[in-house]
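Note: the block below is work.cif and it holds mmCIF, C-alpha atoms.
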```cif
data_protein
#
loop_
_atom_site.group_PDB
_atom_site.id
_atom_site.type_symbol
_atom_site.label_atom_id
_atom_site.label_comp_id
_atom_site.auth_asym_id
_atom_site.auth_seq_id
_atom_site.Cartn_x
_atom_site.Cartn_y
_atom_site.Cartn_z
ATOM 1 C CA ASP A 1 81.027 122.783 69.526
ATOM 2 C CA ALA A 2 81.560 125.874 71.597
ATOM 3 C CA MET A 3 83.883 125.059 74.436
ATOM 4 C CA VAL A 4 86.747 125.928 76.726
ATOM 5 C CA ILE A 5 90.040 124.384 75.685
ATOM 6 C CA GLN A 6 93.074 124.083 77.901
ATOM 7 C CA ASN A 7 96.533 123.234 76.689
ATOM 8 C CA PRO A 8 98.433 121.207 77.452
ATOM 9 C CA ARG A 9 96.460 118.530 79.281
ATOM 10 C CA TYR A 10 99.557 117.464 81.213
ATOM 11 C CA GLN A 11 102.568 119.667 81.890
ATOM 12 C CA VAL A 12 105.797 118.697 83.577
ATOM 13 C CA THR A 13 108.122 121.507 84.553
ATOM 14 C CA GLN A 14 111.306 121.803 86.519
ATOM 15 C CA PHE A 15 111.459 123.408 89.912
ATOM 16 C CA GLY A 16 111.932 127.144 89.398
ATOM 17 C CA LYS A 17 111.469 127.065 85.601
ATOM 18 C CA PRO A 18 108.739 129.438 84.371
ATOM 19 C CA VAL A 19 105.729 127.747 82.852
ATOM 20 C CA THR A 20 102.668 129.034 81.002
ATOM 21 C CA LEU A 21 99.299 127.334 80.806
ATOM 22 C CA SER A 22 96.806 128.420 78.189
ATOM 23 C CA CYS A 23 93.053 128.574 77.909
ATOM 24 C CA SER A 24 90.892 129.491 74.944
ATOM 25 C CA GLN A 25 87.148 129.770 74.543
ATOM 26 C CA THR A 26 84.729 129.934 71.659
ATOM 27 C CA LEU A 27 81.765 130.964 73.818
ATOM 28 C CA ASN A 28 82.489 134.697 73.757
ATOM 29 C CA HIS A 29 81.939 134.783 77.523
ATOM 30 C CA ASN A 30 83.158 137.954 79.137
ATOM 31 C CA VAL A 31 84.412 136.400 82.374
ATOM 32 C CA MET A 32 87.349 134.001 82.529
ATOM 33 C CA TYR A 33 88.687 132.323 85.660
ATOM 34 C CA TRP A 34 91.731 130.374 86.754
ATOM 35 C CA TYR A 35 91.332 127.867 89.554
ATOM 36 C CA GLN A 36 93.917 125.726 91.299
ATOM 37 C CA GLN A 37 92.755 122.329 92.532
ATOM 38 C CA LYS A 38 94.913 120.109 94.689
ATOM 39 C CA SER A 39 94.153 116.468 95.330
ATOM 40 C CA SER A 40 90.811 115.842 97.080
ATOM 41 C CA GLN A 41 90.256 119.564 97.590
ATOM 42 C CA ALA A 42 87.758 121.996 96.168
ATOM 43 C CA PRO A 43 89.009 124.306 93.420
ATOM 44 C CA LYS A 44 90.551 127.533 94.704
ATOM 45 C CA LEU A 45 90.051 130.712 92.706
ATOM 46 C CA LEU A 46 93.354 132.367 91.784
ATOM 47 C CA PHE A 47 92.023 135.285 89.726
ATOM 48 C CA HIS A 48 89.428 136.220 87.181
ATOM 49 C CA TYR A 49 88.996 138.662 84.331
ATOM 50 C CA TYR A 50 85.742 140.537 83.903
ATOM 51 C CA ASP A 51 86.273 141.642 80.315
ATOM 52 C CA LYS A 52 89.714 143.260 80.544
ATOM 53 C CA ASP A 53 89.485 143.986 84.253
ATOM 54 C CA PHE A 54 91.832 141.767 86.219
ATOM 55 C CA ASN A 55 90.730 140.629 89.684
ATOM 56 C CA ASN A 56 93.296 138.967 91.891
ATOM 57 C CA GLU A 57 92.285 136.985 94.965
ATOM 58 C CA ALA A 58 93.944 138.337 98.094
ATOM 59 C CA ASP A 59 95.716 135.082 98.899
ATOM 60 C CA THR A 60 96.992 134.313 95.399
ATOM 61 C CA PRO A 61 100.799 134.185 95.565
ATOM 62 C CA ASP A 62 102.776 136.728 93.538
ATOM 63 C CA ASN A 63 104.354 133.762 91.773
ATOM 64 C CA PHE A 64 101.130 133.464 89.772
ATOM 65 C CA GLN A 65 100.364 135.940 87.001
ATOM 66 C CA SER A 66 97.768 136.051 84.283
ATOM 67 C CA ARG A 67 97.259 137.640 80.897
ATOM 68 C CA ARG A 68 94.175 138.028 78.777
ATOM 69 C CA PRO A 69 95.216 139.466 75.408
ATOM 70 C CA ASN A 70 91.709 139.187 73.945
ATOM 71 C CA THR A 71 88.257 137.790 74.743
ATOM 72 C CA SER A 72 89.152 134.296 73.593
ATOM 73 C CA PHE A 73 92.450 133.637 75.318
ATOM 74 C CA CYS A 74 93.708 133.668 78.871
ATOM 75 C CA PHE A 75 97.096 132.544 80.157
ATOM 76 C CA LEU A 76 98.371 131.500 83.563
ATOM 77 C CA ASP A 77 102.057 132.171 84.149
ATOM 78 C CA ILE A 78 103.866 130.584 87.064
ATOM 79 C CA ARG A 79 107.145 132.460 87.384
ATOM 80 C CA SER A 80 109.060 130.068 89.620
ATOM 81 C CA PRO A 81 107.129 126.852 90.201
ATOM 82 C CA GLY A 82 107.673 125.115 93.500
ATOM 83 C CA LEU A 83 106.757 121.586 94.492
ATOM 84 C CA GLY A 84 103.689 122.973 96.239
ATOM 85 C CA ASP A 85 102.372 124.339 92.955
ATOM 86 C CA ALA A 86 101.779 120.865 91.559
ATOM 87 C CA ALA A 87 98.035 120.714 91.010
ATOM 88 C CA MET A 88 95.247 120.639 88.465
ATOM 89 C CA TYR A 89 94.691 124.098 86.979
ATOM 90 C CA LEU A 90 91.197 124.731 85.745
ATOM 91 C CA CYS A 91 90.075 127.482 83.417
ATOM 92 C CA ALA A 92 86.415 128.442 83.343
ATOM 93 C CA THR A 93 84.220 131.000 81.632
ATOM 94 C CA SER A 94 80.879 132.543 82.391
ATOM 95 C CA SER A 95 78.616 135.302 81.210
ATOM 96 C CA THR A 96 75.560 136.976 82.690
ATOM 97 C CA GLY A 97 72.641 134.570 82.555
ATOM 98 C CA TYR A 98 74.836 131.646 81.560
ATOM 99 C CA GLY A 99 76.352 128.987 83.710
ATOM 100 C CA TYR A 100 79.951 128.141 84.105
ATOM 101 C CA THR A 101 81.824 126.222 81.448
ATOM 102 C CA PHE A 102 85.000 124.540 82.598
ATOM 103 C CA GLY A 103 87.938 123.360 80.572
ATOM 104 C CA SER A 104 89.339 119.865 81.023
ATOM 105 C CA GLY A 105 92.181 121.197 83.128
ATOM 106 C CA THR A 106 95.958 121.069 82.961
ATOM 107 C CA ARG A 107 97.661 118.785 85.440
ATOM 108 C CA LEU A 108 100.973 120.362 86.424
ATOM 109 C CA THR A 109 103.798 118.267 87.800
ATOM 110 C CA VAL A 110 106.893 119.978 89.233
ATOM 111 C CA VAL A 111 110.089 117.927 89.315
ATOM 112 C CA LYS D 1 81.169 126.120 109.165
ATOM 113 C CA ASN D 2 81.472 126.116 105.399
ATOM 114 C CA GLU D 3 79.244 128.463 103.466
ATOM 115 C CA VAL D 4 78.232 125.536 101.239
ATOM 116 C CA GLU D 5 77.700 122.165 102.879
ATOM 117 C CA GLN D 6 77.091 118.911 101.046
ATOM 118 C CA SER D 7 75.885 115.577 102.319
ATOM 119 C CA PRO D 8 76.798 112.846 102.259
ATOM 120 C CA GLN D 9 80.543 113.202 101.699
ATOM 121 C CA ASN D 10 80.768 109.652 100.398
ATOM 122 C CA LEU D 11 78.019 107.517 98.915
ATOM 123 C CA THR D 12 78.199 103.960 97.637
ATOM 124 C CA ALA D 13 75.202 102.361 95.954
ATOM 125 C CA GLN D 14 74.277 99.520 93.661
ATOM 126 C CA GLU D 15 73.552 99.995 89.998
ATOM 127 C CA GLY D 16 69.945 101.012 89.452
ATOM 128 C CA GLU D 17 69.447 102.739 92.783
ATOM 129 C CA PHE D 18 67.970 106.222 93.105
ATOM 130 C CA ILE D 19 70.624 108.651 94.349
ATOM 131 C CA THR D 20 70.157 111.900 96.245
ATOM 132 C CA ILE D 21 72.896 114.361 97.120
ATOM 133 C CA ASN D 22 72.029 117.365 99.258
ATOM 134 C CA CYS D 23 73.458 120.859 99.398
ATOM 135 C CA SER D 24 72.762 123.622 101.917
ATOM 136 C CA TYR D 25 74.165 127.105 101.662
ATOM 137 C CA SER D 26 74.281 130.073 103.963
ATOM 138 C CA VAL D 27 75.267 132.797 101.517
ATOM 139 C CA GLY D 28 73.201 134.923 99.202
ATOM 140 C CA ILE D 29 73.401 133.526 95.721
ATOM 141 C CA SER D 30 72.600 134.485 92.154
ATOM 142 C CA ALA D 31 72.563 130.819 91.115
ATOM 143 C CA LEU D 32 73.424 127.350 92.360
ATOM 144 C CA HIS D 33 75.573 125.050 90.254
ATOM 145 C CA TRP D 34 75.930 121.304 90.256
ATOM 146 C CA LEU D 35 79.209 120.066 88.830
ATOM 147 C CA GLN D 36 80.634 116.633 88.090
ATOM 148 C CA GLN D 37 84.290 115.637 88.223
ATOM 149 C CA HIS D 38 85.607 112.210 87.305
ATOM 150 C CA PRO D 39 88.854 111.039 88.969
ATOM 151 C CA GLY D 40 91.798 112.956 87.566
ATOM 152 C CA GLY D 41 89.527 114.809 85.190
ATOM 153 C CA GLY D 42 88.209 118.270 84.576
ATOM 154 C CA ILE D 43 84.887 119.617 85.746
ATOM 155 C CA VAL D 44 81.646 119.349 83.825
ATOM 156 C CA SER D 45 78.791 121.686 84.591
ATOM 157 C CA LEU D 46 75.552 119.727 85.041
ATOM 158 C CA PHE D 47 73.043 122.360 86.082
ATOM 159 C CA MET D 48 72.690 126.020 86.919
ATOM 160 C CA LEU D 49 69.616 126.742 89.044
ATOM 161 C CA SER D 50 68.080 129.897 90.375
ATOM 162 C CA SER D 51 64.660 128.433 91.146
ATOM 163 C CA GLY D 52 62.537 125.329 90.802
ATOM 164 C CA LYS D 53 63.694 122.185 89.098
ATOM 165 C CA LYS D 54 65.693 121.110 86.066
ATOM 166 C CA LYS D 55 66.000 117.716 84.418
ATOM 167 C CA HIS D 56 68.577 116.381 81.997
ATOM 168 C CA GLY D 57 68.358 112.720 81.137
ATOM 169 C CA ARG D 58 68.563 110.745 84.379
ATOM 170 C CA LEU D 59 69.673 113.764 86.382
ATOM 171 C CA ILE D 60 67.291 116.053 88.238
ATOM 172 C CA ALA D 61 68.239 119.120 90.256
ATOM 173 C CA THR D 62 65.945 121.065 92.555
ATOM 174 C CA ILE D 63 66.378 124.183 94.621
ATOM 175 C CA ASN D 64 64.382 125.755 97.446
ATOM 176 C CA ILE D 65 65.476 129.370 97.706
ATOM 177 C CA GLN D 66 63.623 130.030 100.967
ATOM 178 C CA GLU D 67 65.246 127.052 102.689
ATOM 179 C CA LYS D 68 68.611 127.605 100.952
ATOM 180 C CA HIS D 69 68.744 123.986 99.956
ATOM 181 C CA SER D 70 69.314 122.101 96.723
ATOM 182 C CA SER D 71 69.292 118.440 95.798
ATOM 183 C CA LEU D 72 70.745 116.458 92.933
ATOM 184 C CA HIS D 73 68.999 113.214 92.068
ATOM 185 C CA ILE D 74 70.175 110.446 89.788
ATOM 186 C CA THR D 75 67.602 107.902 88.636
ATOM 187 C CA ALA D 76 68.567 104.376 87.519
ATOM 188 C CA SER D 77 72.174 104.949 88.579
ATOM 189 C CA HIS D 78 74.957 103.388 86.519
ATOM 190 C CA PRO D 79 78.649 102.722 87.263
ATOM 191 C CA ARG D 80 79.582 105.490 84.805
ATOM 192 C CA ASP D 81 77.855 107.928 87.179
ATOM 193 C CA SER D 82 80.690 107.288 89.655
ATOM 194 C CA ALA D 83 82.363 110.664 90.164
ATOM 195 C CA VAL D 84 82.634 113.544 92.598
ATOM 196 C CA TYR D 85 79.584 115.790 92.539
ATOM 197 C CA ILE D 86 80.133 119.368 93.626
ATOM 198 C CA CYS D 87 77.589 121.943 94.637
ATOM 199 C CA ALA D 88 78.727 125.521 94.121
ATOM 200 C CA ALA D 89 77.000 128.785 94.982
ATOM 201 C CA ALA D 90 77.467 131.654 92.549
ATOM 202 C CA GLN D 91 77.907 135.085 94.084
ATOM 203 C CA GLY D 92 78.421 138.486 92.574
ATOM 204 C CA ALA D 93 80.216 138.293 89.240
ATOM 205 C CA GLN D 94 79.495 134.580 89.176
ATOM 206 C CA LYS D 95 82.273 133.869 91.677
ATOM 207 C CA LEU D 96 81.722 130.325 92.932
ATOM 208 C CA VAL D 97 81.809 129.107 96.513
ATOM 209 C CA PHE D 98 82.319 125.344 96.401
ATOM 210 C CA GLY D 99 80.991 122.617 98.628
ATOM 211 C CA GLN D 100 83.410 119.908 99.681
ATOM 212 C CA GLY D 101 82.043 117.462 97.132
ATOM 213 C CA THR D 102 80.281 114.109 97.357
ATOM 214 C CA ARG D 103 82.199 111.078 96.152
ATOM 215 C CA LEU D 104 79.692 108.731 94.513
ATOM 216 C CA THR D 105 80.522 105.112 93.726
ATOM 217 C CA ILE D 106 78.021 102.969 91.853
ATOM 218 C CA ASN D 107 78.809 99.268 91.947
ATOM 219 C CA PRO D 108 77.636 96.952 89.143
#
```
Written form, structure tokens:
Amino acid sequence: DAMVIQNPRYQVTQFGKPVTLSCSQTLNHNVMYWYQQKSSQAPKLLFHYYDKDFNNEADTPDNFQSRRPNTSFCFLDIRSPGLGDAAMYLCATSSTGYGYTFGSGTRLTVV
Amino acid sequence: KNEVEQSPQNLTAQEGEFITINCSYSVGISALHWLQQHPGGGIVSLFMLSSGKKKHGRLIATINIQEKHSSLHITASHPRDSAVYICAAAQGAQKLVFGQGTRLTINP
């Protein structure tokens, strides 16, 4: 089935140790998003790619970076994770005329 | 005031009851999404609406563009329907503005 796959499902990282979360899609959607969701809060958009064009939200910390090497893959890099970065990270895709498809998320724990 | 408002914030019902969750929005939209999130889980897209009504199994979603209002209905509710239901307005390049979510609990 066409889908959005996030790996890993759970990630534990040490305070300050760089970590990369990955997202892949088989839908061939041109837009890919990274959201951060903290407990009992709505997802917060970090950035999105429209094809290769990177769009950063104004309030996304510099600690968060992203790469999209091709249509299918998108990565979220957290350069120096802090305790406040512990959250669920959601990848999503969309394309004109199609709805959103979300991945299952990666729950990040910072120790 | 949030751009997307949902009501109620919490809803508890007995199995079999008819459920309605409401969503009002104040922004211009290209589409309105209903999403489902189980505790600790990822998000599942239920519906994308730009007009009228859609039905999938026991779920029905309606939208009134003029009134900027949408509803999600669940018929013959079941405990497995217990989840957070999120209304989200799509703007521009499908950027989503989320409501605060409705936590639904269906008791057996």
* Counting all atoms listed in the file, which residues of chain D come no farther than 6 Å from chain A, as a list of chain:residue names? ->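 Listed by rising number, the hits are D:Gly42, D:Ile43, D:Met48, D:Gln100.
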* Run the PyMOL selection byres ((chain D and resi 88-92) around 6) against the file shown and list the residues it catches, as number ranges by chain. => D: 29-33, 87, 93-99
Next, dump the selected residues to file, keeping only C-alpha atoms, as a compact mmCIF listing (two decimals), keeping the file's coordinate frame.
```
# COMPACT_ATOMS: atom_id res chain seq x y z
CA ILE D 29 73.40 133.53 95.72
CA SER D 30 72.60 134.49 92.15
CA ALA D 31 72.56 130.82 91.12
CA LEU D 32 73.42 127.35 92.36
CA HIS D 33 75.57 125.05 90.25
CA CYS D 87 77.59 121.94 94.64
CA ALA D 93 80.22 138.29 89.24
CA GLN D 94 79.50 134.58 89.18
CA LYS D 95 82.27 133.87 91.68
CA LEU D 96 81.72 130.32 92.93
CA VAL D 97 81.81 129.11 96.51
CA PHE D 98 82.32 125.34 96.40
CA GLY D 99 80.99 122.62 98.63
```
* Do you have the CA of Leu76 (chain A)-CA of Gln37 (chain D) distance handy? ->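 Pair CA of Leu76 (chain A) / CA of Gln37 (chain D) returns 21.7 Å.
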* Using all atoms listed in the file, determine which residues lie at most 10 Å from Arg80 (chain D), disregarding the query and same-chain residues fewer than 4 positions distant; provide the list as a PyMOL selection string. => chain D and resi 15+38+105-108
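Nearest to Leu21 (chain A) of all the residues A:Pro8, A:Gly82, A:Pro61, A:Pro69 is A:Pro8, based on only C-alpha atoms.
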* Between CA of Asp81 (chain D) and CA of Cys23 (chain D), what is the distance, to one decimal in Å? -> 18.3 Å
* Mind giving me the straight-line distance from CA of Gln6 (chain A) to CA of Gly101 (chain D) in Å, one decimal? =>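 Calculated distance between CA of Gln6 (chain A) and CA of Gly101 (chain D) is 23.1 Å.
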* If you apply the PyMOL selection byres ((chain D and resi 74) around 12) to this file, what residues do you get, as a PyMOL selection string? -> chain D and resi 13+15-22+46+55-62+71-73+75-82+85+104+106
* Contacts of Phe47 (chain A) at 8 Å (only C-alpha atoms; same-chain gap of 6+ positions) as an MDAnalysis selection string -> chainID A and resid 33:35 54:57 60 66
* Translate the PyMOL selection byres ((chain A and resi 12) around 6), as applied to the file shown, into an explicit residue set as a PyMOL selection string. => chain A and resi 11+13+108-110
